[in-house]
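Novice: So I've got this file, coords-v3.pdb, and it contains PDB, C-alpha atoms and all ligand atoms:
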```pdb
ATOM      1  CA  MET A 502      39.335  13.250  12.555  1.00  0.00           C
ATOM      2  CA  THR A 503      41.254  10.008  12.907  1.00  0.00           C
ATOM      3  CA  TYR A 504      39.545   7.211  14.725  1.00  0.00           C
ATOM      4  CA  ALA A 505      41.998   5.368  16.956  1.00  0.00           C
ATOM      5  CA  PRO A 506      40.447   2.270  18.494  1.00  0.00           C
ATOM      6  CA  ASP A 507      41.771   0.743  21.657  1.00  0.00           C
ATOM      7  CA  ARG A 508      42.665  -2.797  20.660  1.00  0.00           C
ATOM      8  CA  GLU A 509      42.761  -4.358  24.100  1.00  0.00           C
ATOM      9  CA  LEU A 510      39.961  -5.986  25.990  1.00  0.00           C
ATOM     10  CA  HIS A 511      39.918  -4.560  29.506  1.00  0.00           C
ATOM     11  CA  LEU A 512      38.420  -6.609  32.281  1.00  0.00           C
ATOM     12  CA  THR A 513      37.921  -5.051  35.666  1.00  0.00           C
ATOM     13  CA  HIS A 514      36.595  -6.916  38.657  1.00  0.00           C
ATOM     14  CA  ASP A 515      34.005  -5.247  40.831  1.00  0.00           C
ATOM     15  CA  ALA A 516      34.571  -6.898  44.239  1.00  0.00           C
ATOM     16  CA  GLU A 517      31.471  -5.375  45.809  1.00  0.00           C
ATOM     17  CA  ARG A 518      29.106  -6.628  43.155  1.00  0.00           C
ATOM     18  CA  GLY A 519      31.048  -9.799  42.492  1.00  0.00           C
ATOM     19  CA  TYR A 520      31.190  -9.606  38.721  1.00  0.00           C
ATOM     20  CA  TRP A 521      33.531  -8.617  35.946  1.00  0.00           C
ATOM     21  CA  HIS A 522      32.928  -5.522  33.868  1.00  0.00           C
ATOM     22  CA  PHE A 523      34.012  -6.079  30.320  1.00  0.00           C
ATOM     23  CA  VAL A 524      34.167  -4.151  27.106  1.00  0.00           C
ATOM     24  CA  LEU A 525      32.603  -5.633  23.987  1.00  0.00           C
ATOM     25  CA  TYR A 526      34.865  -4.716  21.139  1.00  0.00           C
ATOM     26  CA  ILE A 527      34.198  -4.507  17.428  1.00  0.00           C
ATOM     27  CA  GLU A 528      36.145  -2.991  14.595  1.00  0.00           C
ATOM     28  CA  PRO A 529      33.736  -1.617  12.002  1.00  0.00           C
ATOM     29  CA  PRO A 530      35.202  -0.189   8.764  1.00  0.00           C
ATOM     30  CA  GLY A 531      34.479   3.359   9.952  1.00  0.00           C
ATOM     31  CA  ALA A 532      33.920   5.158  13.215  1.00  0.00           C
ATOM     32  CA  CYS A 533      30.349   4.774  14.416  1.00  0.00           C
ATOM     33  CA  GLY A 534      28.546   5.160  17.702  1.00  0.00           C
ATOM     34  CA  SER A 535      26.056   7.070  19.786  1.00  0.00           C
ATOM     35  CA  ALA A 536      28.528   9.925  20.380  1.00  0.00           C
ATOM     36  CA  LEU A 537      28.660  10.636  16.630  1.00  0.00           C
ATOM     37  CA  ASN A 538      25.739   9.158  14.738  1.00  0.00           C
ATOM     38  CA  ALA A 539      22.168  10.165  15.480  1.00  0.00           C
ATOM     39  CA  THR A 540      19.970   7.298  16.663  1.00  0.00           C
ATOM     40  CA  GLN A 541      16.919   6.627  14.502  1.00  0.00           C
ATOM     41  CA  GLN A 542      13.906   4.778  15.836  1.00  0.00           C
ATOM     42  CA  PHE A 543      10.904   4.006  13.678  1.00  0.00           C
ATOM     43  CA  ASP A 544       7.910   1.804  13.114  1.00  0.00           C
ATOM     44  CA  PRO A 545       8.054   1.015   9.379  1.00  0.00           C
ATOM     45  CA  GLY A 546       4.249   0.835   9.006  1.00  0.00           C
ATOM     46  CA  PRO A 547       3.260   0.643   5.323  1.00  0.00           C
ATOM     47  CA  SER A 548       6.207   2.793   4.117  1.00  0.00           C
ATOM     48  CA  PRO A 549       7.650   1.346   0.882  1.00  0.00           C
ATOM     49  CA  TYR A 550      10.950   3.131   1.614  1.00  0.00           C
ATOM     50  CA  ALA A 551      11.308   1.535   5.036  1.00  0.00           C
ATOM     51  CA  ALA A 552      10.391  -1.839   3.495  1.00  0.00           C
ATOM     52  CA  GLU A 553      13.053  -1.431   0.801  1.00  0.00           C
ATOM     53  CA  TRP A 554      15.713  -0.533   3.356  1.00  0.00           C
ATOM     54  CA  LEU A 555      14.736  -3.311   5.777  1.00  0.00           C
ATOM     55  CA  ASN A 556      14.771  -5.815   2.944  1.00  0.00           C
ATOM     56  CA  ARG A 557      18.494  -5.522   2.430  1.00  0.00           C
ATOM     57  CA  LEU A 558      19.460  -5.963   6.087  1.00  0.00           C
ATOM     58  CA  GLN A 559      21.357  -9.082   7.074  1.00  0.00           C
ATOM     59  CA  ARG A 560      20.590 -10.860  10.279  1.00  0.00           C
ATOM     60  CA  CYS A 561      23.684 -11.194  12.482  1.00  0.00           C
ATOM     61  CA  ASP A 562      24.754 -11.995  16.013  1.00  0.00           C
ATOM     62  CA  PRO A 563      24.578  -9.095  18.478  1.00  0.00           C
ATOM     63  CA  ASP A 564      27.797  -7.108  18.793  1.00  0.00           C
ATOM     64  CA  ALA A 565      29.025  -4.096  20.739  1.00  0.00           C
ATOM     65  CA  LEU A 566      27.312  -1.642  18.383  1.00  0.00           C
ATOM     66  CA  HIS A 567      23.929  -3.266  18.965  1.00  0.00           C
ATOM     67  CA  VAL A 568      24.490  -2.955  22.706  1.00  0.00           C
ATOM     68  CA  THR A 569      25.097   0.787  22.293  1.00  0.00           C
ATOM     69  CA  LEU A 570      21.763   1.052  20.461  1.00  0.00           C
ATOM     70  CA  VAL A 571      19.645  -0.567  23.174  1.00  0.00           C
ATOM     71  CA  GLY A 572      21.493   0.374  26.359  1.00  0.00           C
ATOM     72  CA  SER A 573      22.752  -1.840  29.147  1.00  0.00           C
ATOM     73  CA  ASN A 574      19.334  -2.747  30.606  1.00  0.00           C
ATOM     74  CA  GLU A 575      18.207  -4.436  27.400  1.00  0.00           C
ATOM     75  CA  ALA A 576      21.637  -5.730  26.348  1.00  0.00           C
ATOM     76  CA  GLN A 577      21.184  -9.255  27.624  1.00  0.00           C
ATOM     77  CA  ALA A 578      17.887  -9.648  25.780  1.00  0.00           C
ATOM     78  CA  LEU A 579      19.695  -9.171  22.454  1.00  0.00           C
ATOM     79  CA  TRP A 580      20.779 -12.808  22.792  1.00  0.00           C
ATOM     80  CA  HIS A 581      17.296 -14.198  23.511  1.00  0.00           C
ATOM     81  CA  PRO A 582      15.474 -15.955  20.664  1.00  0.00           C
ATOM     82  CA  CYS A 583      12.060 -14.857  19.393  1.00  0.00           C
ATOM     83  CA  VAL A 584       8.985 -16.759  20.591  1.00  0.00           C
ATOM     84  CA  TYR A 585       8.628 -17.998  16.995  1.00  0.00           C
ATOM     85  CA  GLU A 586      11.992 -19.725  17.304  1.00  0.00           C
ATOM     86  CA  ASP A 587      11.702 -20.848  20.906  1.00  0.00           C
ATOM     87  CA  PRO A 588       8.404 -20.631  22.845  1.00  0.00           C
ATOM     88  CA  ASP A 589      10.413 -20.971  26.072  1.00  0.00           C
ATOM     89  CA  SER A 590      12.724 -18.041  25.302  1.00  0.00           C
ATOM     90  CA  PRO A 591      13.307 -15.676  28.256  1.00  0.00           C
ATOM     91  CA  SER A 592      11.765 -12.975  26.008  1.00  0.00           C
ATOM     92  CA  ALA A 593       8.614 -15.011  25.357  1.00  0.00           C
ATOM     93  CA  VAL A 594       5.440 -14.343  27.345  1.00  0.00           C
ATOM     94  CA  ALA A 595       3.300 -17.408  28.118  1.00  0.00           C
ATOM     95  CA  GLN A 596       4.813 -19.158  25.084  1.00  0.00           C
ATOM     96  CA  ASP A 597       2.891 -16.863  22.722  1.00  0.00           C
ATOM     97  CA  GLY A 598       3.637 -13.186  23.418  1.00  0.00           C
ATOM     98  CA  CYS A 599       7.103 -11.777  22.817  1.00  0.00           C
ATOM     99  CA  VAL A 600       9.302  -8.822  23.729  1.00  0.00           C
ATOM    100  CA  CYS A 601      12.472 -10.010  21.971  1.00  0.00           C
ATOM    101  CA  TRP A 602      15.185  -8.050  20.194  1.00  0.00           C
ATOM    102  CA  GLN A 603      16.666  -9.189  16.889  1.00  0.00           C
ATOM    103  CA  THR A 604      19.915  -7.864  15.450  1.00  0.00           C
ATOM    104  CA  PHE A 605      20.843  -6.982  11.901  1.00  0.00           C
ATOM    105  CA  ARG A 606      23.495  -5.147   9.953  1.00  0.00           C
ATOM    106  CA  ASP A 607      23.185  -2.934   6.913  1.00  0.00           C
ATOM    107  CA  PRO A 608      25.632  -4.608   4.496  1.00  0.00           C
ATOM    108  CA  VAL A 609      26.200  -1.322   2.644  1.00  0.00           C
ATOM    109  CA  THR A 610      27.198   0.872   5.592  1.00  0.00           C
ATOM    110  CA  TRP A 611      27.856  -1.783   8.244  1.00  0.00           C
ATOM    111  CA  LEU A 612      25.627   0.164  10.621  1.00  0.00           C
ATOM    112  CA  PRO A 613      23.908  -1.907  13.346  1.00  0.00           C
ATOM    113  CA  VAL A 614      20.132  -2.333  13.402  1.00  0.00           C
ATOM    114  CA  THR A 615      17.946  -3.745  16.154  1.00  0.00           C
ATOM    115  CA  ALA A 616      14.333  -4.818  15.841  1.00  0.00           C
ATOM    116  CA  HIS A 617      12.191  -4.892  18.960  1.00  0.00           C
ATOM    117  CA  HIS A 618       9.273  -7.294  18.763  1.00  0.00           C
ATOM    118  CA  TYR A 619       6.115  -6.548  20.717  1.00  0.00           C
ATOM    119  CA  ARG A 620       3.481  -9.253  20.573  1.00  0.00           C
ATOM    120  CA  THR A 621       0.728  -9.677  23.103  1.00  0.00           C
ATOM    121  CA  VAL A 622      -0.419 -13.148  24.075  1.00  0.00           C
ATOM    122  CA  THR A 623      -2.896 -14.315  21.345  1.00  0.00           C
ATOM    123  CA  GLY A 624      -1.289 -11.791  18.975  1.00  0.00           C
ATOM    124  CA  ASN A 625      -3.978  -9.068  19.153  1.00  0.00           C
ATOM    125  CA  ILE A 626      -1.214  -6.499  18.995  1.00  0.00           C
ATOM    126  CA  GLU A 627       2.012  -7.191  17.185  1.00  0.00           C
ATOM    127  CA  ASN A 628       4.623  -4.820  15.836  1.00  0.00           C
ATOM    128  CA  TRP A 629       8.330  -4.326  15.270  1.00  0.00           C
ATOM    129  CA  GLN A 630      10.206  -1.143  16.156  1.00  0.00           C
ATOM    130  CA  TYR A 631      13.559  -0.605  14.467  1.00  0.00           C
ATOM    131  CA  ARG A 632      16.561   1.258  15.793  1.00  0.00           C
ATOM    132  CA  THR A 633      19.733   2.169  13.957  1.00  0.00           C
ATOM    133  CA  TYR A 634      22.277   4.926  13.546  1.00  0.00           C
ATOM    134  CA  ALA A 635      22.108   7.414  10.706  1.00  0.00           C
ATOM    135  CA  PRO A 636      25.287   7.361   8.609  1.00  0.00           C
ATOM    136  CA  LEU A 637      27.500  10.459   8.706  1.00  0.00           C
ATOM    137  CA  SER A 638      27.747  10.703   4.915  1.00  0.00           C
ATOM    138  CA  LEU A 639      26.933   8.759   1.760  1.00  0.00           C
ATOM    139  CA  PRO A 640      29.435   6.071   0.729  1.00  0.00           C
ATOM    140  CA  ASP A 641      32.499   7.618  -0.955  1.00  0.00           C
ATOM    141  CA  GLY A 642      31.922   8.822  -4.501  1.00  0.00           C
ATOM    142  CA  GLU A 643      28.122   8.552  -4.363  1.00  0.00           C
ATOM    143  CA  ARG A 644      25.879  11.457  -5.214  1.00  0.00           C
ATOM    144  CA  LEU A 645      22.319  12.326  -4.246  1.00  0.00           C
ATOM    145  CA  GLU A 646      19.605  11.270  -6.687  1.00  0.00           C
ATOM    146  CA  ALA A 647      16.662  12.161  -4.469  1.00  0.00           C
ATOM    147  CA  LEU A 648      15.821  13.312  -0.984  1.00  0.00           C
ATOM    148  CA  ILE A 649      12.757  11.521   0.353  1.00  0.00           C
ATOM    149  CA  ILE A 650      10.432  12.913   3.001  1.00  0.00           C
ATOM    150  CA  ASP A 651       8.656   9.853   4.426  1.00  0.00           C
ATOM    151  CA  ARG A 652       5.944  11.094   6.772  1.00  0.00           C
ATOM    152  CA  GLU A 653       4.486   7.788   7.940  1.00  0.00           C
ATOM    153  CA  PRO A 654       7.552   6.576   9.873  1.00  0.00           C
ATOM    154  CA  HIS A 655       8.888  10.167  10.219  1.00  0.00           C
ATOM    155  CA  MET A 656      12.057   9.368   8.327  1.00  0.00           C
ATOM    156  CA  PHE A 657      14.202  11.213   5.813  1.00  0.00           C
ATOM    157  CA  TRP A 658      15.930   9.045   3.197  1.00  0.00           C
ATOM    158  CA  ILE A 659      18.500   9.704   0.498  1.00  0.00           C
ATOM    159  CA  ARG A 660      18.502   7.731  -2.765  1.00  0.00           C
ATOM    160  CA  SER A 661      22.096   7.780  -3.970  1.00  0.00           C
ATOM    161  CA  SER A 662      23.522   7.443  -7.482  1.00  0.00           C
ATOM    162  CA  SER A 663      24.031   3.700  -6.928  1.00  0.00           C
ATOM    163  CA  GLY A 664      20.241   3.437  -6.582  1.00  0.00           C
ATOM    164  CA  ARG A 665      20.478   2.489  -2.935  1.00  0.00           C
ATOM    165  CA  LEU A 666      18.480   4.014  -0.137  1.00  0.00           C
ATOM    166  CA  HIS A 667      20.165   5.464   2.955  1.00  0.00           C
ATOM    167  CA  VAL A 668      18.916   7.044   6.132  1.00  0.00           C
ATOM    168  CA  MET A 669      19.745  10.724   5.657  1.00  0.00           C
ATOM    169  CA  PRO A 670      23.167  11.417   7.228  1.00  0.00           C
ATOM    170  CA  GLU A 671      22.689  12.964  10.653  1.00  0.00           C
ATOM    171  CA  GLN A 672      24.908  13.719  13.627  1.00  0.00           C
ATOM    172  CA  THR A 673      23.735  13.125  17.135  1.00  0.00           C
ATOM    173  CA  GLY A 674      22.144  16.259  18.580  1.00  0.00           C
ATOM    174  CA  ALA A 675      20.841  17.381  15.198  1.00  0.00           C
ATOM    175  CA  GLY A 676      17.462  16.285  13.821  1.00  0.00           C
ATOM    176  CA  TYR A 677      15.429  16.907  10.695  1.00  0.00           C
ATOM    177  CA  SER A 678      11.816  17.849  10.495  1.00  0.00           C
ATOM    178  CA  CYS A 679       9.387  19.808   8.343  1.00  0.00           C
ATOM    179  CA  GLY A 680       5.986  21.465   8.332  1.00  0.00           C
ATOM    180  CA  TYR A 681       6.472  23.895  11.207  1.00  0.00           C
ATOM    181  CA  HIS A 682       8.862  26.584  12.437  1.00  0.00           C
ATOM    182  CA  GLY A 683      11.657  25.175  14.563  1.00  0.00           C
ATOM    183  CA  GLY A 684      15.098  23.658  14.776  1.00  0.00           C
ATOM    184  CA  GLY A 685      14.305  20.519  12.752  1.00  0.00           C
ATOM    185  CA  PRO A 686      13.260  22.465   9.628  1.00  0.00           C
ATOM    186  CA  VAL A 687      16.352  24.717   9.979  1.00  0.00           C
ATOM    187  CA  GLN A 688      18.541  21.618   9.986  1.00  0.00           C
ATOM    188  CA  LEU A 689      16.772  20.159   6.930  1.00  0.00           C
ATOM    189  CA  ALA A 690      16.912  23.459   5.010  1.00  0.00           C
ATOM    190  CA  SER A 691      20.654  23.779   5.758  1.00  0.00           C
ATOM    191  CA  MET A 692      21.210  20.276   4.394  1.00  0.00           C
ATOM    192  CA  ILE A 693      19.269  21.103   1.203  1.00  0.00           C
ATOM    193  CA  ASP A 694      21.381  24.264   0.711  1.00  0.00           C
ATOM    194  CA  LYS A 695      24.551  22.222   1.080  1.00  0.00           C
ATOM    195  CA  ILE A 696      23.376  19.485  -1.291  1.00  0.00           C
ATOM    196  CA  VAL A 697      22.524  22.030  -3.984  1.00  0.00           C
ATOM    197  CA  ALA A 698      25.783  24.002  -3.510  1.00  0.00           C
ATOM    198  CA  SER A 699      27.810  20.809  -3.969  1.00  0.00           C
ATOM    199  CA  ASP A 700      25.722  19.565  -6.940  1.00  0.00           C
ATOM    200  CA  GLY A 701      24.567  16.587  -4.898  1.00  0.00           C
ATOM    201  CA  TYR A 702      27.993  15.385  -3.760  1.00  0.00           C
ATOM    202  CA  ASP A 703      28.063  16.731  -0.197  1.00  0.00           C
ATOM    203  CA  VAL A 704      25.430  14.990   1.922  1.00  0.00           C
ATOM    204  CA  ALA A 705      27.575  14.831   5.058  1.00  0.00           C
ATOM    205  CA  ALA A 706      26.014  15.404   8.469  1.00  0.00           C
ATOM    206  CA  GLU A 707      26.692  18.732  10.164  1.00  0.00           C
ATOM    207  CA  PRO A 708      26.590  19.678  13.820  1.00  0.00           C
ATOM    208  CA  SER A 709      23.342  21.325  14.828  1.00  0.00           C
ATOM    209  CA  SER A 710      22.661  24.912  13.634  1.00  0.00           C
ATOM    210  CA  ARG A 711      26.087  25.633  12.187  1.00  0.00           C
ATOM    211  CA  THR A 712      24.764  27.687   9.312  1.00  0.00           C
ATOM    212  CA  ARG A 713      21.647  29.729   8.701  1.00  0.00           C
ATOM    213  CA  PRO A 714      19.761  28.317   5.694  1.00  0.00           C
ATOM    214  CA  SER A 715      18.434  30.405   2.840  1.00  0.00           C
ATOM    215  CA  GLU A 716      15.064  31.984   3.597  1.00  0.00           C
ATOM    216  CA  ARG A 717      13.405  30.544   0.466  1.00  0.00           C
ATOM    217  CA  VAL A 718      14.292  26.974   1.348  1.00  0.00           C
ATOM    218  CA  LEU A 719      13.470  27.422   5.018  1.00  0.00           C
ATOM    219  CA  ALA A 720      10.044  28.923   4.199  1.00  0.00           C
ATOM    220  CA  TRP A 721       9.133  25.911   2.045  1.00  0.00           C
ATOM    221  CA  VAL A 722      10.511  23.340   4.495  1.00  0.00           C
ATOM    222  CA  SER A 723       8.523  24.991   7.316  1.00  0.00           C
ATOM    223  CA  SER A 724       5.296  25.022   5.280  1.00  0.00           C
ATOM    224  CA  GLU A 725       2.526  22.438   4.939  1.00  0.00           C
ATOM    225  CA  ALA A 726       3.680  21.714   1.382  1.00  0.00           C
ATOM    226  CA  ALA A 727       6.742  19.964   2.786  1.00  0.00           C
ATOM    227  CA  ASP A 728       4.790  17.963   5.318  1.00  0.00           C
ATOM    228  CA  ARG A 729       3.803  14.981   3.187  1.00  0.00           C
ATOM    229  CA  THR A 730       5.560  11.954   1.721  1.00  0.00           C
ATOM    230  CA  GLN A 731       7.415  13.019  -1.418  1.00  0.00           C
ATOM    231  CA  GLU A 732      10.588  12.468  -3.406  1.00  0.00           C
ATOM    232  CA  LEU A 733      12.638  15.525  -4.335  1.00  0.00           C
ATOM    233  CA  THR A 734      15.176  14.981  -7.107  1.00  0.00           C
ATOM    234  CA  LEU A 735      18.415  16.963  -7.204  1.00  0.00           C
ATOM    235  CA  ASN A 736      16.865  19.070  -9.947  1.00  0.00           C
ATOM    236  CA  GLN A 737      13.800  19.832  -7.815  1.00  0.00           C
ATOM    237  CA  LEU A 738      16.050  20.821  -4.918  1.00  0.00           C
ATOM    238  CA  LYS A 739      17.849  23.234  -7.257  1.00  0.00           C
ATOM    239  CA  ILE A 740      14.513  24.709  -8.336  1.00  0.00           C
ATOM    240  CA  LEU A 741      13.566  25.034  -4.675  1.00  0.00           C
ATOM    241  CA  THR A 742      16.662  27.095  -3.859  1.00  0.00           C
ATOM    242  CA  ARG A 743      15.980  29.345  -6.872  1.00  0.00           C
ATOM    243  CA  THR A 744      12.212  29.804  -6.606  1.00  0.00           C
ATOM    244  CA  GLY A 745      11.085  28.655  -3.155  1.00  0.00           C
ATOM    245  CA  MET A 746       8.919  25.963  -4.781  1.00  0.00           C
ATOM    246  CA  VAL A 747       9.625  22.412  -5.902  1.00  0.00           C
ATOM    247  CA  GLY A 748       7.847  22.822  -9.257  1.00  0.00           C
TER     248      GLY A 748
HETATM  249 ZN    ZN A 801       9.958 -12.060  19.155  1.00  0.00          ZN
END
```
Rewrite the structure of this file - the entire thing - as structure tokens.
Ligand SMILES: [Zn+2]
Specialist:
Amino acid sequence: MTYAPDRELHLTHDAERGYWHFVLYIEPPGACGSALNATQQFDPGPSPYAAEWLNRLQRCDPDALHVTLVGSNEAQALWHPCVYEDPDSPSAVAQDGCVCWQTFRDPVTWLPVTAHHYRTVTGNIENWQYRTYAPLSLPDGERLEALIIDREPHMFWIRSSSGRLHVMPEQTGAGYSCGYHGGGPVQLASMIDKIVASDGYDVAAEPSSRTRPSERVLAWVSSEAADRTQELTLNQLKILTRTGMVG
């Protein structure tokens, strides 16, 4: 598929409402957006994988891709500072609480990331929820080193041959899961089959339920054994497809 961006900024005036609609435009190196890439939302909690991934993000100004992540109702708040930077921010609550959004970019994939801050006044409750898009494949030429099931934030990660961590490639409408019988485990088992068949080179996202996975892999993925935080190397995935166990 060739991505053909529209290079013009279209402004249309809505006479009834009295404002101009406009299109925020950005030209990322590859096609990306909510129609293609699956949205991921997670609370990193104590996950070392989430911490590693978050650590490489670069803070940046909000752009059109961040707006697609949060939707039009929250779009304006992307430009509001955090209470820590400005106690009088429109996103601050009584100069101490906060409901701000911060924007980042993954420098490896260029995918947008938003962080939503929730802090009650006095700080009794404080957390950050992250949102991003899953990539559609690993960067060109990279191969899978390990597939990581990360139960705490309910994320699936891929460690590639460059040593870097990626959200597991996923198309919108698909979704991975494990530890029960359902569509999520079927999607994960199909991905494992594909990774093994390609010797770790094909980790591209597939549309939902395109292929039926092997019964051995599906049985393990649907079982309790899969439902805990663990790293599966390419070799363990190969053993899984042969024996139904990860060794
Ligand atoms: Zn804040």
Novice: What do you get as an NGL selection string if you pick all residues at most 10 Å from ligand ZN 801 (chain A), counting only C-alpha atoms and all ligand atoms?
Specialist: :A and (581-588 or 590 or 592-594 or 597-603 or 616-620 or 627-629)
Novice: What lies within 12 Å of region 568-577 of chain A using all atoms listed in the file, ignoring chain neighbours under 3 positions off, as a ChimeraX atom specification?
Specialist: /A:522,524-527,533-542,562-565,580-582,591-592,600-605,612-617,630-635
Novice: Could you save those same residues with C-alpha atoms as a tab-separated table (two decimals), in the coordinates of the input?
Specialist:
```
chain	number	residue	atom	x	y	z
A	522	HIS	CA	32.93	-5.52	33.87
A	524	VAL	CA	34.17	-4.15	27.11
A	525	LEU	CA	32.60	-5.63	23.99
A	526	TYR	CA	34.86	-4.72	21.14
A	527	ILE	CA	34.20	-4.51	17.43
A	533	CYS	CA	30.35	4.77	14.42
A	534	GLY	CA	28.55	5.16	17.70
A	535	SER	CA	26.06	7.07	19.79
A	536	ALA	CA	28.53	9.93	20.38
A	537	LEU	CA	28.66	10.64	16.63
A	538	ASN	CA	25.74	9.16	14.74
A	539	ALA	CA	22.17	10.16	15.48
A	540	THR	CA	19.97	7.30	16.66
A	541	GLN	CA	16.92	6.63	14.50
A	542	GLN	CA	13.91	4.78	15.84
A	562	ASP	CA	24.75	-12.00	16.01
A	563	PRO	CA	24.58	-9.10	18.48
A	564	ASP	CA	27.80	-7.11	18.79
A	565	ALA	CA	29.02	-4.10	20.74
A	580	TRP	CA	20.78	-12.81	22.79
A	581	HIS	CA	17.30	-14.20	23.51
A	582	PRO	CA	15.47	-15.96	20.66
A	591	PRO	CA	13.31	-15.68	28.26
A	592	SER	CA	11.76	-12.98	26.01
A	600	VAL	CA	9.30	-8.82	23.73
A	601	CYS	CA	12.47	-10.01	21.97
A	602	TRP	CA	15.18	-8.05	20.19
A	603	GLN	CA	16.67	-9.19	16.89
A	604	THR	CA	19.92	-7.86	15.45
A	605	PHE	CA	20.84	-6.98	11.90
A	612	LEU	CA	25.63	0.16	10.62
A	613	PRO	CA	23.91	-1.91	13.35
A	614	VAL	CA	20.13	-2.33	13.40
A	615	THR	CA	17.95	-3.74	16.15
A	616	ALA	CA	14.33	-4.82	15.84
A	617	HIS	CA	12.19	-4.89	18.96
A	630	GLN	CA	10.21	-1.14	16.16
A	631	TYR	CA	13.56	-0.60	14.47
A	632	ARG	CA	16.56	1.26	15.79
A	633	THR	CA	19.73	2.17	13.96
A	634	TYR	CA	22.28	4.93	13.55
A	635	ALA	CA	22.11	7.41	10.71
```
Novice: Residues at most 9 Å from region 544-551 of chain A, counting only C-alpha atoms, excluding those fewer than 4 positions away in the same chain, as a list in words?
Specialist: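 That gives Leu555, Asn556, Asn628, Trp629, Gln630, Tyr631, Ile649, Asp651, Arg652, Glu653, Pro654, His655, Met656, Trp658 and Leu666 of chain A.
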Novice: Could you tell me how far CA of Gly748 (chain A) lies from CA of Ser661 (chain A), in Å and to one decimal?
Specialist: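 It comes out at 21.4 Å.
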Novice: Point out the residue among A:Trp554, A:Phe543, A:Trp721, A:Tyr702 with the least atom-to-atom distance to Cys679 (chain A), counting all atoms listed in the file.
Specialist: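 Smallest distance to Cys679 (chain A) is found for A:Trp721.
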Novice: Here's the selection I'm unsure about, the PyMOL selection byres (((chain A and resi 747) around 8) and not hetatm); applied to the file above, which residues does it give, as JSON, numbers by chain?
Specialist: {"A": [733, 737, 738, 740, 741, 744, 745, 746, 748]}
Novice: Output, as JSON, the centre and edge lengths in Å (one decimal) of the axis-aligned box that contains all listed atoms of region 702-717 of chain A with 3 Å of margin on each side.
Specialist:
```
{"center_x": 20.7, "center_y": 23.4, "center_z": 5.5, "size_x": 20.7, "size_y": 23.2, "size_z": 24.6}
```
Novice: Determine, counting all atoms listed in the file, which protein, DNA and RNA residues have an atom within 8 Å of an atom of Asp703 (chain A); residues of the same chain fewer than 4 positions away are not included. Present the result as JSON, numbers by chain.
Specialist: {"A": [638, 644, 695, 696, 699]}
Novice: Give me, as a PyMOL selection string, all polymer residues having an atom no more than 12 Å from Thr742 (chain A), counting only C-alpha atoms and skipping those fewer than 6 positions away in the same chain.
Specialist: chain A and resi 690-698+714-722+735-736+748
